[in-house]
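Here's coords_4.pdb, which has PDB, C-alpha atoms, pLDDT in the B column:
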```pdb
MODEL        1
ATOM      1  CA  TYR A   1    -141.888  21.909 -21.883  1.00 53.00           C
ATOM      2  CA  TYR A   2    -140.994  21.430 -18.218  1.00 55.00           C
ATOM      3  CA  GLY A   3    -137.574  20.027 -19.169  1.00 59.00           C
ATOM      4  CA  ALA A   4    -136.810  23.131 -21.199  1.00 65.00           C
ATOM      5  CA  ILE A   5    -137.640  25.293 -18.204  1.00 66.00           C
ATOM      6  CA  LYS A   6    -135.218  23.334 -16.034  1.00 66.00           C
ATOM      7  CA  ALA A   7    -132.486  23.631 -18.653  1.00 68.00           C
ATOM      8  CA  GLU A   8    -132.844  27.415 -18.722  1.00 78.00           C
ATOM      9  CA  ARG A   9    -133.227  27.761 -14.964  1.00 83.00           C
ATOM     10  CA  GLY A  10    -130.326  30.151 -14.520  1.00 88.00           C
ATOM     11  CA  ARG A  11    -131.618  32.606 -17.106  1.00 91.00           C
ATOM     12  CA  LEU A  12    -135.118  32.380 -15.685  1.00 91.00           C
ATOM     13  CA  ASP A  13    -133.967  33.094 -12.138  1.00 93.00           C
ATOM     14  CA  ARG A  14    -131.882  36.062 -13.288  1.00 94.00           C
ATOM     15  CA  TYR A  15    -134.856  37.485 -15.155  1.00 95.00           C
ATOM     16  CA  VAL A  16    -137.157  37.051 -12.157  1.00 96.00           C
ATOM     17  CA  ALA A  17    -134.582  38.778  -9.927  1.00 97.00           C
ATOM     18  CA  SER A  18    -134.464  41.695 -12.376  1.00 97.00           C
ATOM     19  CA  LEU A  19    -138.196  42.283 -11.895  1.00 98.00           C
ATOM     20  CA  ASP A  20    -137.664  43.753  -8.435  1.00 98.00           C
ATOM     21  CA  VAL A  21    -136.926  47.232  -9.764  1.00 98.00           C
ATOM     22  CA  SER A  22    -137.184  50.160  -7.397  1.00 98.00           C
ATOM     23  CA  PRO A  23    -140.593  51.826  -6.956  1.00 97.00           C
ATOM     24  CA  ALA A  24    -139.071  55.093  -8.203  1.00 98.00           C
ATOM     25  CA  THR A  25    -137.988  53.428 -11.439  1.00 98.00           C
ATOM     26  CA  TYR A  26    -141.387  51.798 -11.890  1.00 98.00           C
ATOM     27  CA  ASP A  27    -143.261  55.048 -11.223  1.00 98.00           C
ATOM     28  CA  GLY A  28    -141.349  56.720 -14.038  1.00 98.00           C
ATOM     29  CA  TRP A  29    -142.544  54.261 -16.652  1.00 98.00           C
ATOM     30  CA  SER A  30    -145.369  54.799 -19.126  1.00 98.00           C
ATOM     31  CA  ARG A  31    -148.695  53.022 -18.811  1.00 98.00           C
ATOM     32  CA  ASP A  32    -147.737  50.510 -21.534  1.00 98.00           C
ATOM     33  CA  GLN A  33    -144.378  49.825 -19.913  1.00 98.00           C
ATOM     34  CA  LYS A  34    -146.089  49.059 -16.629  1.00 98.00           C
ATOM     35  CA  LEU A  35    -148.711  46.795 -18.186  1.00 98.00           C
ATOM     36  CA  SER A  36    -146.089  44.893 -20.183  1.00 98.00           C
ATOM     37  CA  PHE A  37    -144.045  44.530 -17.003  1.00 98.00           C
ATOM     38  CA  TRP A  38    -146.864  42.928 -15.031  1.00 98.00           C
ATOM     39  CA  ILE A  39    -147.851  40.515 -17.814  1.00 98.00           C
ATOM     40  CA  ASN A  40    -144.224  39.426 -18.129  1.00 98.00           C
ATOM     41  CA  ALA A  41    -143.838  39.185 -14.358  1.00 98.00           C
ATOM     42  CA  TYR A  42    -146.922  36.990 -14.007  1.00 96.00           C
ATOM     43  CA  ASN A  43    -145.772  34.604 -16.734  1.00 95.00           C
ATOM     44  CA  ALA A  44    -142.228  34.445 -15.373  1.00 95.00           C
ATOM     45  CA  PHE A  45    -143.488  33.685 -11.859  1.00 95.00           C
ATOM     46  CA  VAL A  46    -145.635  30.844 -13.222  1.00 92.00           C
ATOM     47  CA  LEU A  47    -142.623  29.384 -15.035  1.00 89.00           C
ATOM     48  CA  GLN A  48    -140.443  29.701 -11.950  1.00 91.00           C
ATOM     49  CA  SER A  49    -143.098  28.031  -9.809  1.00 89.00           C
ATOM     50  CA  VAL A  50    -143.187  25.101 -12.228  1.00 85.00           C
ATOM     51  CA  ALA A  51    -139.384  24.860 -12.192  1.00 83.00           C
ATOM     52  CA  ASN A  52    -139.333  24.960  -8.379  1.00 84.00           C
ATOM     53  CA  HIS A  53    -141.675  21.976  -8.150  1.00 80.00           C
ATOM     54  CA  TYR A  54    -140.626  19.974 -11.208  1.00 77.00           C
ATOM     55  CA  PRO A  55    -141.576  17.219 -11.752  1.00 75.00           C
ATOM     56  CA  ILE A  56    -145.133  17.952 -10.640  1.00 75.00           C
ATOM     57  CA  ARG A  57    -147.017  14.841  -9.551  1.00 77.00           C
ATOM     58  CA  GLY A  58    -150.081  16.034  -7.686  1.00 71.00           C
ATOM     59  CA  LYS A  59    -153.167  14.123  -6.623  1.00 73.00           C
ATOM     60  CA  ALA A  60    -155.743  16.887  -6.275  1.00 67.00           C
ATOM     61  CA  ALA A  61    -158.973  16.005  -8.047  1.00 66.00           C
ATOM     62  CA  GLY A  62    -160.063  18.177 -10.937  1.00 63.00           C
ATOM     63  CA  TYR A  63    -156.635  18.877 -12.431  1.00 69.00           C
ATOM     64  CA  PRO A  64    -154.093  16.822 -14.408  1.00 68.00           C
ATOM     65  CA  ALA A  65    -151.386  15.302 -12.208  1.00 66.00           C
ATOM     66  CA  ASN A  66    -148.722  17.577 -13.723  1.00 71.00           C
ATOM     67  CA  SER A  67    -150.807  20.778 -13.679  1.00 76.00           C
ATOM     68  CA  VAL A  68    -149.422  23.915 -12.070  1.00 77.00           C
ATOM     69  CA  ARG A  69    -152.664  23.841 -10.075  1.00 74.00           C
ATOM     70  CA  GLN A  70    -151.252  20.862  -8.176  1.00 71.00           C
ATOM     71  CA  ILE A  71    -148.740  23.156  -6.471  1.00 80.00           C
ATOM     72  CA  PRO A  72    -150.306  24.148  -3.130  1.00 78.00           C
ATOM     73  CA  GLY A  73    -150.989  27.870  -2.861  1.00 78.00           C
ATOM     74  CA  VAL A  74    -149.197  28.707  -6.100  1.00 88.00           C
ATOM     75  CA  PHE A  75    -151.685  31.395  -7.110  1.00 88.00           C
ATOM     76  CA  GLU A  76    -153.037  32.704  -3.838  1.00 94.00           C
ATOM     77  CA  ARG A  77    -150.231  32.271  -1.257  1.00 95.00           C
ATOM     78  CA  THR A  78    -146.771  32.117  -2.836  1.00 95.00           C
ATOM     79  CA  LYS A  79    -145.137  35.552  -2.710  1.00 97.00           C
ATOM     80  CA  HIS A  80    -142.879  37.061  -5.365  1.00 97.00           C
ATOM     81  CA  ARG A  81    -140.940  40.322  -5.542  1.00 98.00           C
ATOM     82  CA  ALA A  82    -141.699  42.840  -8.291  1.00 98.00           C
ATOM     83  CA  ALA A  83    -141.354  46.627  -8.454  1.00 98.00           C
ATOM     84  CA  GLY A  84    -140.528  46.801  -4.754  1.00 97.00           C
ATOM     85  CA  ARG A  85    -143.684  44.886  -3.824  1.00 97.00           C
ATOM     86  CA  SER A  86    -144.383  41.430  -2.442  1.00 98.00           C
ATOM     87  CA  VAL A  87    -147.169  39.968  -4.576  1.00 98.00           C
ATOM     88  CA  THR A  88    -148.910  36.698  -5.344  1.00 97.00           C
ATOM     89  CA  LEU A  89    -150.112  35.714  -8.804  1.00 97.00           C
ATOM     90  CA  ASP A  90    -153.658  36.471  -7.652  1.00 96.00           C
ATOM     91  CA  ASP A  91    -152.552  39.920  -6.477  1.00 98.00           C
ATOM     92  CA  ILE A  92    -151.284  40.693  -9.973  1.00 98.00           C
ATOM     93  CA  GLU A  93    -154.422  39.418 -11.690  1.00 96.00           C
ATOM     94  CA  LYS A  94    -157.076  40.679  -9.302  1.00 96.00           C
ATOM     95  CA  THR A  95    -155.591  43.875  -7.869  1.00 97.00           C
ATOM     96  CA  ILE A  96    -152.883  45.242 -10.159  1.00 98.00           C
ATOM     97  CA  LEU A  97    -154.043  44.453 -13.701  1.00 98.00           C
ATOM     98  CA  PRO A  98    -157.582  45.867 -13.222  1.00 96.00           C
ATOM     99  CA  GLU A  99    -155.978  49.305 -12.799  1.00 97.00           C
ATOM    100  CA  PHE A 100    -155.043  49.259 -16.508  1.00 98.00           C
ATOM    101  CA  LYS A 101    -158.596  48.626 -17.780  1.00 96.00           C
ATOM    102  CA  GLU A 102    -157.285  46.321 -20.517  1.00 97.00           C
ATOM    103  CA  PRO A 103    -159.162  42.996 -20.512  1.00 96.00           C
ATOM    104  CA  ARG A 104    -156.999  41.512 -23.246  1.00 95.00           C
ATOM    105  CA  ALA A 105    -154.180  41.354 -20.692  1.00 97.00           C
ATOM    106  CA  TYR A 106    -155.945  38.478 -18.941  1.00 95.00           C
ATOM    107  CA  LEU A 107    -155.845  36.473 -22.162  1.00 94.00           C
ATOM    108  CA  ALA A 108    -152.064  36.970 -22.191  1.00 95.00           C
ATOM    109  CA  LEU A 109    -151.495  35.317 -18.810  1.00 94.00           C
ATOM    110  CA  GLY A 110    -150.051  31.826 -19.068  1.00 87.00           C
ATOM    111  CA  ARG A 111    -151.736  29.901 -16.285  1.00 79.00           C
ATOM    112  CA  GLY A 112    -150.697  26.518 -17.633  1.00 68.00           C
ATOM    113  CA  ALA A 113    -154.313  25.474 -18.292  1.00 67.00           C
ATOM    114  CA  LEU A 114    -156.036  24.536 -21.556  1.00 63.00           C
ATOM    115  CA  GLY A 115    -158.480  27.420 -21.253  1.00 65.00           C
ATOM    116  CA  SER A 116    -155.825  30.033 -20.579  1.00 74.00           C
ATOM    117  CA  GLY A 117    -153.592  32.012 -22.871  1.00 77.00           C
ATOM    118  CA  ARG A 118    -150.488  30.452 -24.328  1.00 81.00           C
ATOM    119  CA  LEU A 119    -147.057  31.689 -23.341  1.00 82.00           C
ATOM    120  CA  ARG A 120    -145.512  33.678 -26.154  1.00 85.00           C
ATOM    121  CA  SER A 121    -141.929  33.086 -27.236  1.00 84.00           C
ATOM    122  CA  GLU A 122    -141.196  36.761 -26.622  1.00 92.00           C
ATOM    123  CA  ALA A 123    -141.677  39.255 -23.835  1.00 95.00           C
ATOM    124  CA  PHE A 124    -144.360  41.915 -24.011  1.00 98.00           C
ATOM    125  CA  THR A 125    -142.903  45.361 -24.683  1.00 98.00           C
ATOM    126  CA  ALA A 126    -144.387  48.846 -24.545  1.00 98.00           C
ATOM    127  CA  ASP A 127    -143.565  49.672 -28.149  1.00 98.00           C
ATOM    128  CA  ARG A 128    -145.315  46.540 -29.455  1.00 98.00           C
ATOM    129  CA  LEU A 129    -147.979  46.082 -26.789  1.00 98.00           C
ATOM    130  CA  GLU A 130    -150.997  46.828 -28.996  1.00 96.00           C
ATOM    131  CA  GLU A 131    -149.712  44.497 -31.705  1.00 96.00           C
ATOM    132  CA  GLN A 132    -149.037  41.750 -29.168  1.00 96.00           C
ATOM    133  CA  LEU A 133    -152.409  42.067 -27.427  1.00 96.00           C
ATOM    134  CA  THR A 134    -154.114  41.964 -30.821  1.00 93.00           C
ATOM    135  CA  ALA A 135    -152.254  38.716 -31.548  1.00 93.00           C
ATOM    136  CA  VAL A 136    -153.382  37.347 -28.179  1.00 93.00           C
ATOM    137  CA  SER A 137    -156.984  38.231 -29.056  1.00 91.00           C
ATOM    138  CA  ASP A 138    -156.655  36.514 -32.436  1.00 89.00           C
ATOM    139  CA  ASP A 139    -155.386  33.385 -30.689  1.00 89.00           C
ATOM    140  CA  PHE A 140    -158.384  33.531 -28.346  1.00 89.00           C
ATOM    141  CA  VAL A 141    -160.787  33.561 -31.301  1.00 86.00           C
ATOM    142  CA  ARG A 142    -159.040  30.687 -33.088  1.00 86.00           C
ATOM    143  CA  ARG A 143    -158.625  28.272 -30.165  1.00 85.00           C
ATOM    144  CA  ARG A 144    -161.540  25.979 -29.384  1.00 84.00           C
ATOM    145  CA  GLN A 145    -160.248  25.668 -25.816  1.00 84.00           C
ATOM    146  CA  MET A 146    -161.095  29.348 -25.374  1.00 83.00           C
ATOM    147  CA  LEU A 147    -164.015  30.046 -27.719  1.00 86.00           C
ATOM    148  CA  VAL A 148    -166.652  27.914 -29.433  1.00 84.00           C
ATOM    149  CA  ILE A 149    -169.414  29.462 -31.533  1.00 77.00           C
ATOM    150  CA  ASP A 150    -172.316  27.179 -32.454  1.00 75.00           C
ATOM    151  CA  ARG A 151    -174.098  29.174 -35.124  1.00 71.00           C
ATOM    152  CA  PRO A 152    -176.997  26.716 -35.750  1.00 75.00           C
ATOM    153  CA  GLN A 153    -177.816  26.736 -32.028  1.00 74.00           C
ATOM    154  CA  GLY A 154    -177.066  30.424 -31.592  1.00 70.00           C
ATOM    155  CA  THR A 155    -174.745  29.773 -28.654  1.00 76.00           C
ATOM    156  CA  MET A 156    -171.262  30.806 -27.661  1.00 79.00           C
ATOM    157  CA  SER A 157    -168.992  29.181 -25.079  1.00 87.00           C
ATOM    158  CA  VAL A 158    -165.941  31.031 -23.797  1.00 89.00           C
ATOM    159  CA  THR A 159    -163.116  30.353 -21.395  1.00 89.00           C
ATOM    160  CA  PRO A 160    -163.970  30.977 -17.715  1.00 88.00           C
ATOM    161  CA  ILE A 161    -161.361  33.753 -17.770  1.00 91.00           C
ATOM    162  CA  VAL A 162    -163.981  36.005 -19.351  1.00 92.00           C
ATOM    163  CA  SER A 163    -166.515  35.494 -16.561  1.00 91.00           C
ATOM    164  CA  TRP A 164    -163.804  35.775 -13.885  1.00 92.00           C
ATOM    165  CA  ARG A 165    -162.918  39.198 -15.266  1.00 94.00           C
ATOM    166  CA  GLU A 166    -166.459  40.136 -16.292  1.00 94.00           C
ATOM    167  CA  ALA A 167    -166.306  43.704 -14.994  1.00 95.00           C
ATOM    168  CA  GLU A 168    -163.280  44.533 -17.134  1.00 96.00           C
ATOM    169  CA  PHE A 169    -164.692  42.995 -20.337  1.00 95.00           C
ATOM    170  CA  VAL A 170    -168.055  44.703 -19.849  1.00 96.00           C
ATOM    171  CA  ALA A 171    -166.458  48.081 -19.157  1.00 96.00           C
ATOM    172  CA  ALA A 172    -164.285  47.829 -22.262  1.00 95.00           C
ATOM    173  CA  TYR A 173    -166.684  46.338 -24.816  1.00 94.00           C
ATOM    174  CA  ASP A 174    -170.357  46.445 -23.809  1.00 93.00           C
ATOM    175  CA  PRO A 175    -172.085  48.986 -26.101  1.00 89.00           C
ATOM    176  CA  GLY A 176    -175.129  49.143 -23.830  1.00 86.00           C
ATOM    177  CA  ALA A 177    -178.701  47.884 -24.150  1.00 79.00           C
ATOM    178  CA  GLU A 178    -179.339  48.768 -27.763  1.00 79.00           C
ATOM    179  CA  GLY A 179    -179.783  47.075 -31.116  1.00 63.00           C
ATOM    180  CA  PRO A 180    -180.590  43.384 -31.688  1.00 61.00           C
ATOM    181  CA  PHE A 181    -178.689  42.269 -28.587  1.00 72.00           C
ATOM    182  CA  ALA A 182    -180.280  44.751 -26.179  1.00 71.00           C
ATOM    183  CA  GLN A 183    -181.908  42.007 -24.103  1.00 77.00           C
ATOM    184  CA  ARG A 184    -178.711  40.015 -23.691  1.00 80.00           C
ATOM    185  CA  SER A 185    -176.606  40.308 -20.558  1.00 88.00           C
ATOM    186  CA  PRO A 186    -173.879  42.972 -20.465  1.00 92.00           C
ATOM    187  CA  LEU A 187    -171.206  40.264 -20.677  1.00 91.00           C
ATOM    188  CA  LYS A 188    -172.802  38.644 -23.735  1.00 89.00           C
ATOM    189  CA  ARG A 189    -173.101  42.027 -25.428  1.00 91.00           C
ATOM    190  CA  ALA A 190    -169.456  42.702 -24.608  1.00 93.00           C
ATOM    191  CA  MET A 191    -168.363  39.411 -26.159  1.00 90.00           C
ATOM    192  CA  VAL A 192    -170.408  40.051 -29.294  1.00 87.00           C
ATOM    193  CA  ALA A 193    -168.748  43.453 -29.667  1.00 89.00           C
ATOM    194  CA  PHE A 194    -165.334  41.913 -29.047  1.00 90.00           C
ATOM    195  CA  LEU A 195    -165.904  39.316 -31.754  1.00 86.00           C
ATOM    196  CA  ARG A 196    -167.177  41.902 -34.198  1.00 83.00           C
ATOM    197  CA  TRP A 197    -163.843  43.655 -33.715  1.00 81.00           C
ATOM    198  CA  ALA A 198    -161.746  40.492 -34.082  1.00 80.00           C
ATOM    199  CA  LEU A 199    -163.474  38.370 -36.722  1.00 73.00           C
ATOM    200  CA  PRO A 200    -163.262  40.708 -39.738  1.00 65.00           C
ATOM    201  CA  ARG A 201    -159.532  41.117 -39.163  1.00 63.00           C
ATOM    202  CA  LEU A 202    -159.156  37.339 -39.256  1.00 58.00           C
ATOM    203  CA  ARG A 203    -161.342  37.150 -42.393  1.00 57.00           C
ATOM    204  CA  LEU A 204    -163.899  35.076 -40.542  1.00 53.00           C
ATOM    205  CA  ARG A 205    -167.588  35.710 -41.118  1.00 51.00           C
ATOM    206  CA  TRP A 206    -169.881  36.889 -38.355  1.00 49.00           C
ATOM    207  CA  HIS A 207    -173.415  35.526 -38.503  1.00 51.00           C
ATOM    208  CA  GLY A 208    -174.593  36.643 -35.079  1.00 50.00           C
ATOM    209  CA  PHE A 209    -176.764  34.416 -32.928  1.00 44.00           C
TER     210      PHE A 209
ENDMDL
END
```

What do you get writing this file as C-alpha cells?
Amino acid sequence: YYGAIKAERGRLDRYVASLDVSPATYDGWSRDQKLSFWINAYNAFVLQSVANHYPIRGKAAGYPANSVRQIPGVFERTKHRAAGRSVTLDDIEKTILPEFKEPRAYLALGRGALGSGRLRSEAFTADRLEEQLTAVSDDFVRRRQMLVIDRPQGTMSVTPIVSWREAEFVAAYDPGAEGPFAQRSPLKRAMVAFLRWALPRLRLRWHGF
C-alpha cells in the first residue's frame, strides 16, 4: 500500500497541486462539485502525508507503529492548499464538510484507520456523487470494523466517526421522538433510520432491537 504510493509520487503531487484552484473557479461550481472536491482533497492530502513520512515507524501508544496517526500534527496542524485556502485535514472535516449537510461524506474519508472509510480506486465526481456515497454507505453496513448489530442482545456498535459527527447524522436521519424508538437518543434513532434505508437495498433483513 505505502510502496504503491511512493511509486506514484509524481502523479500524486501533481494532483495535489491541481487542487489549489482559484476561489473564483471554486465559487462557480455546483454543490456536488464542491463536495466531491473536498472529499477528494482530504483523501489526497492523507496519501501525500503518508508518502512524505514513509516508512512510518512511530512509537505513540494507542496506534499501530505504521499508522498515519503516528505522524505528529498530521490532522490538526499540517497545512495544505486547496481552493485558494490554507487548510488542515481537521479544517476540512470539522469546518468545511458540515456546510454540505451530508453525513455520508464522513464515511468516505480515508483516515487510514480500521474504523474509517476505505479509499476508493476512483475519485468522487459530481455526476456520480449520489451513486458513490450510496456505495460508501453500503460498505459501512457490511464492514464489521464500522458496524456490528447484535440482534439477540438488541445492541448496535458503530464506528466512532458517527459520534464525532453526531450533529450531522441526527440532522439528516433522526425522524424525531415517535414510534417504537421514541425513547432512544436522537443519534440512535438516526442510525436506525439510516439502516432502514440501507439494509433493504442490500437484501439484508432488519429485525430492530

**Message:** For this structure, which residues satisfy the selection - the PyMOL selection byres ((chain A and resi 169) around 10) - when it is evaluated on the file as given? I want them as a ChimeraX atom specification.
**Reply:** /A:101-104,106,162-168,170-174,186-191,194

May I have a table of the residues of stretch 37-112 of chain A lying at most 12 Å from stretch 124-143 of chain A, giving each one's closest pair of atoms and their distance in Å to one decimal, counting all atoms listed in the file, ordered by chain and ascending residue number, as a Markdown table?
```
| residue | atom | partner | partner_atom | distance |
| --- | --- | --- | --- | --- |
| A:Phe37 | CA | A:Phe124 | CA | 7.5 |
| A:Trp38 | CA | A:Phe124 | CA | 9.4 |
| A:Ile39 | CA | A:Phe124 | CA | 7.2 |
| A:Asn40 | CA | A:Phe124 | CA | 6.4 |
| A:Ala41 | CA | A:Phe124 | CA | 10.0 |
| A:Tyr42 | CA | A:Phe124 | CA | 11.4 |
| A:Asn43 | CA | A:Phe124 | CA | 10.4 |
| A:Ala44 | CA | A:Phe124 | CA | 11.6 |
| A:Glu102 | CA | A:Leu133 | CA | 9.5 |
| A:Pro103 | CA | A:Leu133 | CA | 9.7 |
| A:Arg104 | CA | A:Leu133 | CA | 6.2 |
| A:Ala105 | CA | A:Leu133 | CA | 7.0 |
| A:Tyr106 | CA | A:Val136 | CA | 9.7 |
| A:Leu107 | CA | A:Val136 | CA | 6.6 |
| A:Ala108 | CA | A:Val136 | CA | 6.1 |
| A:Leu109 | CA | A:Val136 | CA | 9.8 |
| A:Gly110 | CA | A:Val136 | CA | 11.2 |
```

**Message:** Once the PyMOL selection byres ((chain A and resi 22) around 10) is applied to the coordinates I shared, what remains selected? I want it as a list in words.
**Reply:**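 For this structure, the PyMOL selection byres ((chain A and resi 22) around 10) captures Leu19, Asp20, Val21, Pro23, Ala24, Thr25, Tyr26, Asp27, Ala82, Ala83, Gly84 and Arg85 of chain A.
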
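Note that atom CA of A:Glu93 and atom CA of A:Gln48 are 17.0 Å apart.
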
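Shortest atom-to-atom contact with A:Gly176 among A:Ile161, A:Ala193, A:Leu35, A:Ile96: A:Ala193, counting all atoms listed in the file.
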
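If you look at atom CA of A:Arg196 and atom CA of A:Gln183, they are 17.9 Å away from each other.
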